[in-house]
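**Q** One file is attached below, start35.pdb, containing PDB, C-alpha atoms.
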```pdb
ATOM      1  CA  MET C   1    -175.955  79.114 -41.627
ATOM      2  CA  ASP C   2    -175.414  75.559 -42.855
ATOM      3  CA  ILE C   3    -176.014  72.882 -40.216
ATOM      4  CA  ARG C   4    -173.517  70.066 -40.695
ATOM      5  CA  PHE C   5    -172.217  67.223 -38.536
ATOM      6  CA  ASP C   6    -168.932  66.445 -40.242
ATOM      7  CA  GLY C   7    -166.554  64.680 -37.853
ATOM      8  CA  LYS C   8    -169.358  64.106 -35.329
ATOM      9  CA  VAL C   9    -170.511  60.754 -33.992
ATOM     10  CA  ALA C  10    -174.203  60.237 -33.219
ATOM     11  CA  ILE C  11    -176.116  57.484 -31.447
ATOM     12  CA  VAL C  12    -179.802  57.214 -32.364
ATOM     13  CA  THR C  13    -181.898  54.760 -30.355
ATOM     14  CA  GLY C  14    -184.981  53.161 -31.853
ATOM     15  CA  ALA C  15    -183.555  53.976 -35.286
ATOM     16  CA  GLY C  16    -184.783  50.964 -37.242
ATOM     17  CA  ASN C  17    -188.079  52.532 -38.250
ATOM     18  CA  GLY C  18    -190.095  55.741 -38.228
ATOM     19  CA  LEU C  19    -188.652  58.838 -36.607
ATOM     20  CA  GLY C  20    -185.426  57.179 -35.501
ATOM     21  CA  ARG C  21    -184.689  55.930 -39.008
ATOM     22  CA  SER C  22    -185.378  59.407 -40.408
ATOM     23  CA  HIS C  23    -183.099  60.994 -37.790
ATOM     24  CA  ALA C  24    -180.267  58.534 -38.487
ATOM     25  CA  LEU C  25    -180.448  58.968 -42.253
ATOM     26  CA  ALA C  26    -180.531  62.768 -41.989
ATOM     27  CA  LEU C  27    -177.626  62.944 -39.541
ATOM     28  CA  ALA C  28    -175.555  60.725 -41.811
ATOM     29  CA  ALA C  29    -176.508  62.761 -44.893
ATOM     30  CA  ARG C  30    -175.093  65.832 -43.158
ATOM     31  CA  GLY C  31    -171.790  64.200 -42.292
ATOM     32  CA  ALA C  32    -172.290  62.360 -38.990
ATOM     33  CA  LYS C  33    -171.100  58.847 -38.311
ATOM     34  CA  VAL C  34    -174.100  57.053 -36.823
ATOM     35  CA  VAL C  35    -174.731  54.197 -34.418
ATOM     36  CA  VAL C  36    -178.101  52.889 -35.566
ATOM     37  CA  ASN C  37    -179.556  51.310 -32.440
ATOM     38  CA  ASP C  38    -182.715  49.245 -32.559
ATOM     39  CA  LEU C  39    -183.885  46.262 -30.547
ATOM     40  CA  GLY C  40    -186.042  45.311 -33.528
ATOM     41  CA  GLY C  41    -189.179  44.674 -31.517
ATOM     42  CA  ARG C  42    -192.828  45.339 -32.200
ATOM     43  CA  VAL C  43    -194.615  48.544 -31.192
ATOM     44  CA  ASP C  44    -195.538  46.962 -27.835
ATOM     45  CA  GLY C  45    -191.884  46.106 -27.174
ATOM     46  CA  SER C  46    -192.126  42.367 -27.777
ATOM     47  CA  GLY C  47    -189.634  40.486 -29.934
ATOM     48  CA  SER C  48    -186.198  41.504 -31.161
ATOM     49  CA  SER C  49    -184.181  41.515 -34.372
ATOM     50  CA  LEU C  50    -181.151  43.421 -35.643
ATOM     51  CA  SER C  51    -182.421  43.379 -39.237
ATOM     52  CA  ALA C  52    -184.189  46.768 -39.063
ATOM     53  CA  ALA C  53    -181.033  48.519 -37.840
ATOM     54  CA  GLU C  54    -178.890  46.713 -40.423
ATOM     55  CA  LYS C  55    -181.186  47.875 -43.240
ATOM     56  CA  VAL C  56    -180.768  51.497 -42.141
ATOM     57  CA  VAL C  57    -176.995  51.057 -41.946
ATOM     58  CA  ALA C  58    -176.993  49.612 -45.461
ATOM     59  CA  GLU C  59    -179.007  52.580 -46.709
ATOM     60  CA  ILE C  60    -176.607  55.058 -45.069
ATOM     61  CA  LYS C  61    -173.583  53.318 -46.577
ATOM     62  CA  ALA C  62    -175.235  53.166 -50.006
ATOM     63  CA  ASN C  63    -175.555  56.947 -49.809
ATOM     64  CA  GLY C  64    -171.857  57.344 -48.992
ATOM     65  CA  GLY C  65    -172.184  57.620 -45.216
ATOM     66  CA  ASP C  66    -170.687  55.677 -42.312
ATOM     67  CA  ALA C  67    -172.741  53.760 -39.763
ATOM     68  CA  ILE C  68    -172.841  50.664 -37.576
ATOM     69  CA  ALA C  69    -175.808  48.672 -36.296
ATOM     70  CA  ASN C  70    -176.419  47.940 -32.639
ATOM     71  CA  GLY C  71    -179.190  45.899 -31.031
ATOM     72  CA  ALA C  72    -178.860  47.027 -27.399
ATOM     73  CA  ASN C  73    -181.989  47.045 -25.274
ATOM     74  CA  VAL C  74    -182.016  50.546 -23.769
ATOM     75  CA  THR C  75    -183.424  49.178 -20.503
ATOM     76  CA  ASN C  76    -180.290  47.052 -20.035
ATOM     77  CA  VAL C  77    -177.426  49.126 -18.606
ATOM     78  CA  LEU C  78    -174.747  46.595 -19.585
ATOM     79  CA  GLU C  79    -175.932  46.502 -23.208
ATOM     80  CA  VAL C  80    -176.140  50.306 -23.358
ATOM     81  CA  ASP C  81    -172.625  50.681 -21.942
ATOM     82  CA  ALA C  82    -171.386  48.202 -24.542
ATOM     83  CA  MET C  83    -173.079  50.219 -27.291
ATOM     84  CA  VAL C  84    -171.270  53.382 -26.236
ATOM     85  CA  ARG C  85    -167.970  51.488 -26.010
ATOM     86  CA  GLN C  86    -168.578  50.256 -29.563
ATOM     87  CA  ALA C  87    -168.969  53.842 -30.759
ATOM     88  CA  LEU C  88    -165.841  54.983 -28.889
ATOM     89  CA  GLN C  89    -163.761  52.050 -30.114
ATOM     90  CA  THR C  90    -164.931  52.585 -33.701
ATOM     91  CA  TRP C  91    -164.718  56.370 -33.948
ATOM     92  CA  GLY C  92    -163.154  57.640 -30.724
ATOM     93  CA  ARG C  93    -165.946  59.934 -29.563
ATOM     94  CA  VAL C  94    -169.694  60.433 -29.081
ATOM     95  CA  ASP C  95    -171.015  63.914 -29.857
ATOM     96  CA  ILE C  96    -174.765  63.394 -30.198
ATOM     97  CA  LEU C  97    -177.286  61.154 -28.434
ATOM     98  CA  ILE C  98    -180.864  60.973 -29.683
ATOM     99  CA  ASN C  99    -183.063  59.239 -27.084
ATOM    100  CA  ASN C 100    -185.792  58.069 -29.443
ATOM    101  CA  ALA C 101    -186.503  54.436 -28.485
ATOM    102  CA  GLY C 102    -190.037  53.826 -27.309
ATOM    103  CA  ILE C 103    -192.994  51.463 -27.124
ATOM    104  CA  LEU C 104    -196.729  51.725 -26.567
ATOM    105  CA  ARG C 105    -199.014  49.686 -24.340
ATOM    106  CA  ASP C 106    -202.109  51.876 -24.286
ATOM    107  CA  LYS C 107    -204.974  51.150 -21.893
ATOM    108  CA  SER C 108    -207.132  53.259 -19.636
ATOM    109  CA  PHE C 109    -205.651  53.769 -16.173
ATOM    110  CA  ALA C 110    -208.309  51.471 -14.676
ATOM    111  CA  LYS C 111    -207.233  48.618 -16.957
ATOM    112  CA  VAL C 112    -203.482  49.057 -17.384
ATOM    113  CA  THR C 113    -201.435  46.413 -15.578
ATOM    114  CA  ASP C 114    -198.446  47.192 -13.401
ATOM    115  CA  ASP C 115    -196.226  45.271 -15.810
ATOM    116  CA  ASP C 116    -197.393  47.325 -18.804
ATOM    117  CA  PHE C 117    -196.996  50.575 -16.865
ATOM    118  CA  LYS C 118    -193.504  49.683 -15.670
ATOM    119  CA  LEU C 119    -192.266  48.467 -19.051
ATOM    120  CA  VAL C 120    -193.293  51.674 -20.845
ATOM    121  CA  VAL C 121    -191.615  53.799 -18.158
ATOM    122  CA  ASP C 122    -188.524  51.575 -18.273
ATOM    123  CA  VAL C 123    -188.115  51.926 -22.047
ATOM    124  CA  HIS C 124    -188.847  55.639 -22.403
ATOM    125  CA  LEU C 125    -187.568  57.131 -19.146
ATOM    126  CA  MET C 126    -185.048  54.663 -17.768
ATOM    127  CA  GLY C 127    -183.823  53.998 -21.311
ATOM    128  CA  ALA C 128    -183.155  57.715 -21.782
ATOM    129  CA  LYS C 129    -181.408  57.812 -18.414
ATOM    130  CA  ASN C 130    -179.287  54.764 -19.203
ATOM    131  CA  CYS C 131    -178.138  56.102 -22.569
ATOM    132  CA  SER C 132    -177.505  59.618 -21.264
ATOM    133  CA  LYS C 133    -175.509  58.247 -18.333
ATOM    134  CA  ALA C 134    -173.451  56.054 -20.672
ATOM    135  CA  VAL C 135    -172.343  58.972 -22.883
ATOM    136  CA  TRP C 136    -171.988  61.564 -20.109
ATOM    137  CA  GLU C 137    -168.342  60.999 -19.156
ATOM    138  CA  ALA C 138    -167.243  60.781 -22.797
ATOM    139  CA  MET C 139    -168.943  64.079 -23.574
ATOM    140  CA  LYS C 140    -167.396  65.716 -20.505
ATOM    141  CA  THR C 141    -163.921  64.486 -21.438
ATOM    142  CA  GLN C 142    -164.112  65.628 -25.062
ATOM    143  CA  GLY C 143    -165.475  69.080 -24.136
ATOM    144  CA  GLY C 144    -169.164  68.830 -24.915
ATOM    145  CA  GLY C 145    -171.998  67.207 -26.798
ATOM    146  CA  THR C 146    -175.726  67.325 -27.364
ATOM    147  CA  ILE C 147    -178.461  65.076 -25.992
ATOM    148  CA  VAL C 148    -182.011  65.167 -27.310
ATOM    149  CA  MET C 149    -184.905  63.615 -25.395
ATOM    150  CA  THR C 150    -188.128  62.643 -27.138
ATOM    151  CA  THR C 151    -191.078  63.876 -25.122
ATOM    152  CA  SER C 152    -194.705  63.935 -26.269
ATOM    153  CA  SER C 153    -197.883  65.984 -26.167
ATOM    154  CA  SER C 154    -199.286  63.021 -24.194
ATOM    155  CA  GLY C 155    -196.880  63.896 -21.405
ATOM    156  CA  LEU C 156    -197.058  67.670 -21.760
ATOM    157  CA  TYR C 157    -200.852  67.859 -21.994
ATOM    158  CA  GLY C 158    -202.303  64.383 -21.425
ATOM    159  CA  ASN C 159    -204.024  61.843 -23.639
ATOM    160  CA  PHE C 160    -206.672  59.263 -22.768
ATOM    161  CA  GLY C 161    -205.341  55.751 -22.310
ATOM    162  CA  GLN C 162    -201.693  56.763 -22.040
ATOM    163  CA  ALA C 163    -201.008  57.199 -18.329
ATOM    164  CA  ASN C 164    -197.859  55.056 -18.593
ATOM    165  CA  TYR C 165    -196.624  56.738 -21.780
ATOM    166  CA  GLY C 166    -197.506  60.249 -20.579
ATOM    167  CA  ALA C 167    -195.758  59.752 -17.242
ATOM    168  CA  ALA C 168    -192.623  58.472 -18.965
ATOM    169  CA  LYS C 169    -192.575  61.274 -21.523
ATOM    170  CA  MET C 170    -193.024  63.988 -18.900
ATOM    171  CA  GLY C 171    -190.309  62.270 -16.901
ATOM    172  CA  GLN C 172    -187.953  62.883 -19.799
ATOM    173  CA  VAL C 173    -188.680  66.618 -19.508
ATOM    174  CA  GLY C 174    -187.638  66.511 -15.854
ATOM    175  CA  LEU C 175    -184.496  64.613 -16.810
ATOM    176  CA  MET C 176    -183.735  67.200 -19.503
ATOM    177  CA  ASN C 177    -184.200  70.071 -17.048
ATOM    178  CA  VAL C 178    -181.653  68.695 -14.593
ATOM    179  CA  LEU C 179    -179.115  67.428 -17.127
ATOM    180  CA  ALA C 180    -179.148  70.776 -18.950
ATOM    181  CA  ILE C 181    -178.189  72.499 -15.691
ATOM    182  CA  GLU C 182    -175.532  69.927 -14.718
ATOM    183  CA  GLY C 183    -174.134  69.732 -18.238
ATOM    184  CA  ALA C 184    -173.786  73.465 -18.835
ATOM    185  CA  LYS C 185    -170.265  73.788 -17.414
ATOM    186  CA  TYR C 186    -169.115  70.911 -19.645
ATOM    187  CA  ASN C 187    -170.723  72.354 -22.793
ATOM    188  CA  ILE C 188    -173.270  69.528 -22.879
ATOM    189  CA  LYS C 189    -176.591  70.757 -24.240
ATOM    190  CA  VAL C 190    -179.766  68.838 -23.440
ATOM    191  CA  ASN C 191    -183.042  69.482 -25.263
ATOM    192  CA  ALA C 192    -186.281  67.689 -26.089
ATOM    193  CA  ILE C 193    -188.389  67.257 -29.175
ATOM    194  CA  SER C 194    -192.156  66.771 -28.959
ATOM    195  CA  PRO C 195    -192.960  65.107 -32.295
ATOM    196  CA  CYS C 196    -196.159  64.458 -34.171
ATOM    197  CA  ALA C 197    -195.658  62.130 -37.131
ATOM    198  CA  ALA C 198    -197.401  59.284 -38.949
ATOM    199  CA  THR C 199    -195.302  56.442 -37.539
ATOM    200  CA  ARG C 200    -196.207  52.895 -36.434
ATOM    201  CA  MET C 201    -197.251  54.326 -33.070
ATOM    202  CA  LEU C 202    -199.757  56.726 -34.644
ATOM    203  CA  SER C 203    -200.949  54.567 -37.543
ATOM    204  CA  ASP C 204    -204.343  53.715 -36.042
ATOM    205  CA  LEU C 205    -205.092  57.226 -34.767
ATOM    206  CA  VAL C 206    -205.012  59.484 -37.848
ATOM    207  CA  ASP C 207    -206.686  59.480 -41.291
ATOM    208  CA  GLU C 208    -204.988  59.360 -44.686
ATOM    209  CA  GLN C 209    -205.033  63.135 -45.186
ATOM    210  CA  ALA C 210    -203.242  63.667 -41.885
ATOM    211  CA  ASN C 211    -200.777  60.900 -42.781
ATOM    212  CA  GLN C 212    -199.712  62.819 -45.871
ATOM    213  CA  VAL C 213    -198.633  65.912 -43.943
ATOM    214  CA  LEU C 214    -197.407  64.268 -40.726
ATOM    215  CA  THR C 215    -194.097  63.258 -42.261
ATOM    216  CA  VAL C 216    -191.174  62.019 -40.213
ATOM    217  CA  GLU C 217    -188.929  64.343 -42.215
ATOM    218  CA  SER C 218    -190.752  67.407 -40.894
ATOM    219  CA  VAL C 219    -189.929  66.321 -37.334
ATOM    220  CA  THR C 220    -186.342  65.454 -38.225
ATOM    221  CA  ALA C 221    -185.734  69.002 -39.456
ATOM    222  CA  GLY C 222    -186.376  70.236 -35.910
ATOM    223  CA  LEU C 223    -184.400  67.376 -34.400
ATOM    224  CA  LEU C 224    -181.308  68.252 -36.439
ATOM    225  CA  PHE C 225    -181.444  71.808 -35.131
ATOM    226  CA  LEU C 226    -181.656  70.592 -31.523
ATOM    227  CA  ALA C 227    -178.712  68.234 -32.102
ATOM    228  CA  SER C 228    -176.550  70.968 -33.596
ATOM    229  CA  GLU C 229    -174.099  73.408 -32.035
ATOM    230  CA  HIS C 230    -176.559  76.199 -32.885
ATOM    231  CA  SER C 231    -179.241  74.974 -30.484
ATOM    232  CA  PRO C 232    -180.046  76.451 -27.094
ATOM    233  CA  SER C 233    -180.220  74.129 -24.091
ATOM    234  CA  LYS C 234    -183.152  73.078 -21.900
ATOM    235  CA  PHE C 235    -185.537  73.744 -24.773
ATOM    236  CA  ILE C 236    -188.632  71.811 -25.887
ATOM    237  CA  LEU C 237    -189.360  72.022 -29.599
ATOM    238  CA  ALA C 238    -192.754  70.783 -30.757
ATOM    239  CA  ALA C 239    -192.672  69.643 -34.389
ATOM    240  CA  GLY C 240    -195.142  68.118 -36.812
ATOM    241  CA  ALA C 241    -196.627  68.527 -40.303
ATOM    242  CA  GLY C 242    -194.312  71.470 -40.963
ATOM    243  CA  GLY C 243    -195.257  73.292 -37.772
ATOM    244  CA  TYR C 244    -192.655  74.228 -35.157
ATOM    245  CA  ALA C 245    -193.353  75.726 -31.730
ATOM    246  CA  SER C 246    -191.782  76.106 -28.323
ATOM    247  CA  ALA C 247    -193.365  74.293 -25.382
ATOM    248  CA  GLY C 248    -192.525  75.191 -21.804
ATOM    249  CA  ILE C 249    -193.556  75.263 -18.171
ATOM    250  CA  PHE C 250    -194.429  78.687 -16.815
ATOM    251  CA  GLU C 251    -195.372  79.873 -13.343
ATOM    252  CA  THR C 252    -197.687  82.760 -12.569
ATOM    253  CA  GLN C 253    -196.734  85.490 -10.125
ATOM    254  CA  GLY C 254    -199.460  84.279  -7.811
ATOM    255  CA  ILE C 255    -200.179  85.834  -4.420
ATOM    256  CA  TYR C 256    -198.733  86.131  -0.934
ATOM    257  CA  LEU C 257    -200.745  85.339   2.178
ATOM    258  CA  PRO C 258    -199.356  86.262   5.637
ATOM    259  CA  PRO C 259    -199.284  83.429   8.203
ATOM    260  CA  GLU C 260    -202.624  84.285   9.786
ATOM    261  CA  GLN C 261    -204.304  84.181   6.358
ATOM    262  CA  GLN C 262    -202.746  80.958   5.059
ATOM    263  CA  THR C 263    -205.919  78.890   4.894
ATOM    264  CA  PRO C 264    -207.421  76.777   2.108
ATOM    265  CA  GLU C 265    -210.389  79.150   2.031
ATOM    266  CA  ASN C 266    -208.151  82.112   1.238
ATOM    267  CA  VAL C 267    -206.342  80.124  -1.450
ATOM    268  CA  ALA C 268    -209.743  79.420  -3.018
ATOM    269  CA  ARG C 269    -210.841  83.069  -2.750
ATOM    270  CA  ASN C 270    -207.704  84.208  -4.589
ATOM    271  CA  LEU C 271    -207.798  81.608  -7.354
ATOM    272  CA  THR C 272    -208.444  84.167 -10.095
ATOM    273  CA  THR C 273    -205.271  86.063  -9.155
ATOM    274  CA  ILE C 274    -203.303  82.826  -8.792
ATOM    275  CA  LEU C 275    -204.354  81.893 -12.341
ATOM    276  CA  ASP C 276    -203.489  85.305 -13.817
ATOM    277  CA  THR C 277    -200.874  84.712 -16.530
ATOM    278  CA  SER C 278    -200.079  88.351 -17.284
ATOM    279  CA  ASN C 279    -196.720  88.268 -15.444
ATOM    280  CA  GLN C 280    -195.871  84.576 -15.605
ATOM    281  CA  GLN C 281    -192.230  83.453 -15.668
ATOM    282  CA  GLN C 282    -190.210  80.572 -17.052
ATOM    283  CA  PHE C 283    -187.663  79.657 -14.400
ATOM    284  CA  LYS C 284    -184.101  78.534 -15.127
ATOM    285  CA  GLU C 285    -183.990  76.125 -12.173
ATOM    286  CA  GLY C 286    -186.126  74.875  -9.312
ATOM    287  CA  ASN C 287    -184.621  77.212  -6.730
ATOM    288  CA  ASP C 288    -186.021  80.199  -8.660
ATOM    289  CA  GLN C 289    -189.461  79.298  -7.357
ATOM    290  CA  THR C 290    -188.197  79.319  -3.773
ATOM    291  CA  VAL C 291    -186.513  82.686  -4.320
ATOM    292  CA  LYS C 292    -189.758  84.111  -5.686
ATOM    293  CA  PHE C 293    -191.899  82.938  -2.762
ATOM    294  CA  VAL C 294    -189.365  83.941  -0.090
ATOM    295  CA  GLY C 295    -189.015  87.312  -1.775
ATOM    296  CA  LYS C 296    -192.748  87.900  -1.534
ATOM    297  CA  ALA C 297    -192.719  87.000   2.158
ATOM    298  CA  VAL C 298    -189.760  89.289   2.898
ATOM    299  CA  GLU C 299    -191.368  92.149   1.000
ATOM    300  CA  TYR C 300    -194.551  91.744   3.034
ATOM    301  CA  GLN C 301    -192.611  91.717   6.302
ATOM    302  CA  LYS C 302    -190.781  94.916   5.336
ATOM    303  CA  ARG C 303    -194.067  96.670   4.574
ATOM    304  CA  ALA C 304    -195.567  95.430   7.837
ATOM    305  CA  LYS C 305    -192.725  97.030   9.847
ATOM    306  CA  GLN C 306    -193.108 100.438   8.205
TER     307      GLN C 306
END
```
Mind turning the file's structure into structure tokens?
**A**
Amino acid sequence: MDIRFDGKVAIVTGAGNGLGRSHALALAARGAKVVVNDLGGRVDGSGSSLSAAEKVVAEIKANGGDAIANGANVTNVLEVDAMVRQALQTWGRVDILINNAGILRDKSFAKVTDDDFKLVVDVHLMGAKNCSKAVWEAMKTQGGGTIVMTTSSSGLYGNFGQANYGAAKMGQVGLMNVLAIEGAKYNIKVNAISPCAATRMLSDLVDEQANQVLTVESVTAGLLFLASEHSPSKFILAAGAGGYASAGIFETQGIYLPPEQQTPENVARNLTTILDTSNQQQFKEGNDQTVKFVGKAVEYQKRAKQ
């Protein structure tokens, strides 16, 4: 199996540096035409410049590829819509969206300001929503496409000082879950990558030895799979330093308590059984949880009547 993107058009946000740059270069090297989007700001989101995106475009073209630069701020719906129109006017389609743009404003929850919390959520979560919404109709019309969210271990598992970042990154998982369901009948696949790489965002957190193995290219290898026609949908791929794993949300079988026993004390008494992972499930959609719980109640009622 050779993963190629010949004839495909990709939009990569936050593609001026780090992971986004790596993704854009790799997509182009495998045949995709690429919109290199980057606001050109600092890690905290301040400032703007198109120069970073233009450098990546120049590198793609020097290698024989095709790309255009775009400086849209992903939090601005009008700019995002214009970016997608630019892609459609230039190449006639949009097949791949990589929601990679992001910023950091790390502080403990006690010290983080509302403005810093909101801005991080706006860039990561609302930015992903804005870009996904902008390409949705085009993908439906052309018969499909792939969208990749960029989540994080900070959202999946938590990390001190990143309440804003973690909330936004876990929000992208929720967005992926719903869009994967709604997009299925249109052949739109929606996945997420949980990367670990030595980028500007991680530069102060890891030592030199870790920097050498936490390459952006190792993450991009997983990203290219998720963006391809060979990928599943509604899948979280963790990637870093050459390691690749699946991350997911599972629910235990739990217990059933009849109405007269539904007390907090009985929930506490049964905590060991509630936590038992031996028969846990990964649901396809939210209603599966309701079906499971109602099924347990109905089964109990049937036994009670016998």
**Q** Since I can't run it myself right now, could you work out what the PyMOL selection byres ((chain C and resi 183-186) around 12) selects here and report it as a ChimeraX atom specification?
**A** /C:132-133,135-147,175-182,187-191,232-234
**Q** One decimal, Å: what's the distance from CA of Asp122 in chain C over to CA of Trp91 in chain C, could you say?
**A**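 Computing the Euclidean distance for CA of Asp122 in chain C and CA of Trp91 in chain C yields 28.9 Å.
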**Q** Could you jot down the CA of Thr13 in chain C to CA of Ala197 in chain C separation for me, Å, one decimal place?
**A**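 For CA of Thr13 in chain C relative to CA of Ala197 in chain C, the distance reads 17.0 Å.
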**Q** Got a sec to resolve the PyMOL selection byres ((chain C and resi 59) around 12) on this structure and send the residues as a ChimeraX atom specification?
**A** /C:16,21-22,24-26,28-29,34,36,52-58,60-69
**Q** Please produce a file of the residues just selected, as a compact mmCIF listing (two decimals), keeping the file's coordinate frame, where the atoms kept are C-alpha atoms.
**A**
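Result file part_21.txt:
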```txt
# COMPACT_ATOMS: atom_id res chain seq x y z
CA GLY C 16 -184.78 50.96 -37.24
CA ARG C 21 -184.69 55.93 -39.01
CA SER C 22 -185.38 59.41 -40.41
CA ALA C 24 -180.27 58.53 -38.49
CA LEU C 25 -180.45 58.97 -42.25
CA ALA C 26 -180.53 62.77 -41.99
CA ALA C 28 -175.56 60.72 -41.81
CA ALA C 29 -176.51 62.76 -44.89
CA VAL C 34 -174.10 57.05 -36.82
CA VAL C 36 -178.10 52.89 -35.57
CA ALA C 52 -184.19 46.77 -39.06
CA ALA C 53 -181.03 48.52 -37.84
CA GLU C 54 -178.89 46.71 -40.42
CA LYS C 55 -181.19 47.88 -43.24
CA VAL C 56 -180.77 51.50 -42.14
CA VAL C 57 -177.00 51.06 -41.95
CA ALA C 58 -176.99 49.61 -45.46
CA ILE C 60 -176.61 55.06 -45.07
CA LYS C 61 -173.58 53.32 -46.58
CA ALA C 62 -175.24 53.17 -50.01
CA ASN C 63 -175.56 56.95 -49.81
CA GLY C 64 -171.86 57.34 -48.99
CA GLY C 65 -172.18 57.62 -45.22
CA ASP C 66 -170.69 55.68 -42.31
CA ALA C 67 -172.74 53.76 -39.76
CA ILE C 68 -172.84 50.66 -37.58
CA ALA C 69 -175.81 48.67 -36.30
```
**Q** Can you translate the PyMOL selection byres ((chain C and resi 271-282) around 12) into the concrete residues it hits in this file, as a ChimeraX atom specification?
**A** /C:234-235,247-257,264-270,283-286,288-289,292
**Q** Store the residues of this selection in a file with C-alpha atoms, as a PDB file, in the coordinates of the input.
**A**
```
ATOM      1  CA  LYS C 234    -183.152  73.078 -21.900  1.00  0.00           C
ATOM      2  CA  PHE C 235    -185.537  73.744 -24.773  1.00  0.00           C
ATOM      3  CA  ALA C 247    -193.365  74.293 -25.382  1.00  0.00           C
ATOM      4  CA  GLY C 248    -192.525  75.191 -21.804  1.00  0.00           C
ATOM      5  CA  ILE C 249    -193.556  75.263 -18.171  1.00  0.00           C
ATOM      6  CA  PHE C 250    -194.429  78.687 -16.815  1.00  0.00           C
ATOM      7  CA  GLU C 251    -195.372  79.873 -13.343  1.00  0.00           C
ATOM      8  CA  THR C 252    -197.687  82.760 -12.569  1.00  0.00           C
ATOM      9  CA  GLN C 253    -196.734  85.490 -10.125  1.00  0.00           C
ATOM     10  CA  GLY C 254    -199.460  84.279  -7.811  1.00  0.00           C
ATOM     11  CA  ILE C 255    -200.179  85.834  -4.420  1.00  0.00           C
ATOM     12  CA  TYR C 256    -198.733  86.131  -0.934  1.00  0.00           C
ATOM     13  CA  LEU C 257    -200.745  85.339   2.178  1.00  0.00           C
ATOM     14  CA  PRO C 264    -207.421  76.777   2.108  1.00  0.00           C
ATOM     15  CA  GLU C 265    -210.389  79.150   2.031  1.00  0.00           C
ATOM     16  CA  ASN C 266    -208.151  82.112   1.238  1.00  0.00           C
ATOM     17  CA  VAL C 267    -206.342  80.124  -1.450  1.00  0.00           C
ATOM     18  CA  ALA C 268    -209.743  79.420  -3.018  1.00  0.00           C
ATOM     19  CA  ARG C 269    -210.841  83.069  -2.750  1.00  0.00           C
ATOM     20  CA  ASN C 270    -207.704  84.208  -4.589  1.00  0.00           C
ATOM     21  CA  PHE C 283    -187.663  79.657 -14.400  1.00  0.00           C
ATOM     22  CA  LYS C 284    -184.101  78.534 -15.127  1.00  0.00           C
ATOM     23  CA  GLU C 285    -183.990  76.125 -12.173  1.00  0.00           C
ATOM     24  CA  GLY C 286    -186.126  74.875  -9.312  1.00  0.00           C
ATOM     25  CA  ASP C 288    -186.021  80.199  -8.660  1.00  0.00           C
ATOM     26  CA  GLN C 289    -189.461  79.298  -7.357  1.00  0.00           C
ATOM     27  CA  LYS C 292    -189.758  84.111  -5.686  1.00  0.00           C
TER      28      LYS C 292
END
```
**Q** I'd like the contact shell of Ala10 in chain C - 7 Å cut-off, all atoms listed in the file, skipping same-chain residues fewer than 3 positions apart - returned as an NGL selection string.
**A** :C and (32-35 or 94-97)
**Q** Using all atoms listed in the file, pick whichever of C:Val12, C:Ala72, C:Leu88, C:Ala167 has the shortest atom-to-atom distance to Val148 in chain C.
**A**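 Looking only at the distances to Val148 in chain C, the closest residue turns out to be C:Val12.
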**Q** Measuring between only C-alpha atoms, which one of C:Arg30, C:His23, C:Lys169, C:Lys129 shows the shortest distance to Ile98 in chain C?
**A** C:His23
**Q** Measure the distance from CA of Ser152 in chain C to CA of Lys111 in chain C in Å and round it to one decimal.
**A**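 Here the two named atoms are 21.9 Å from each other.
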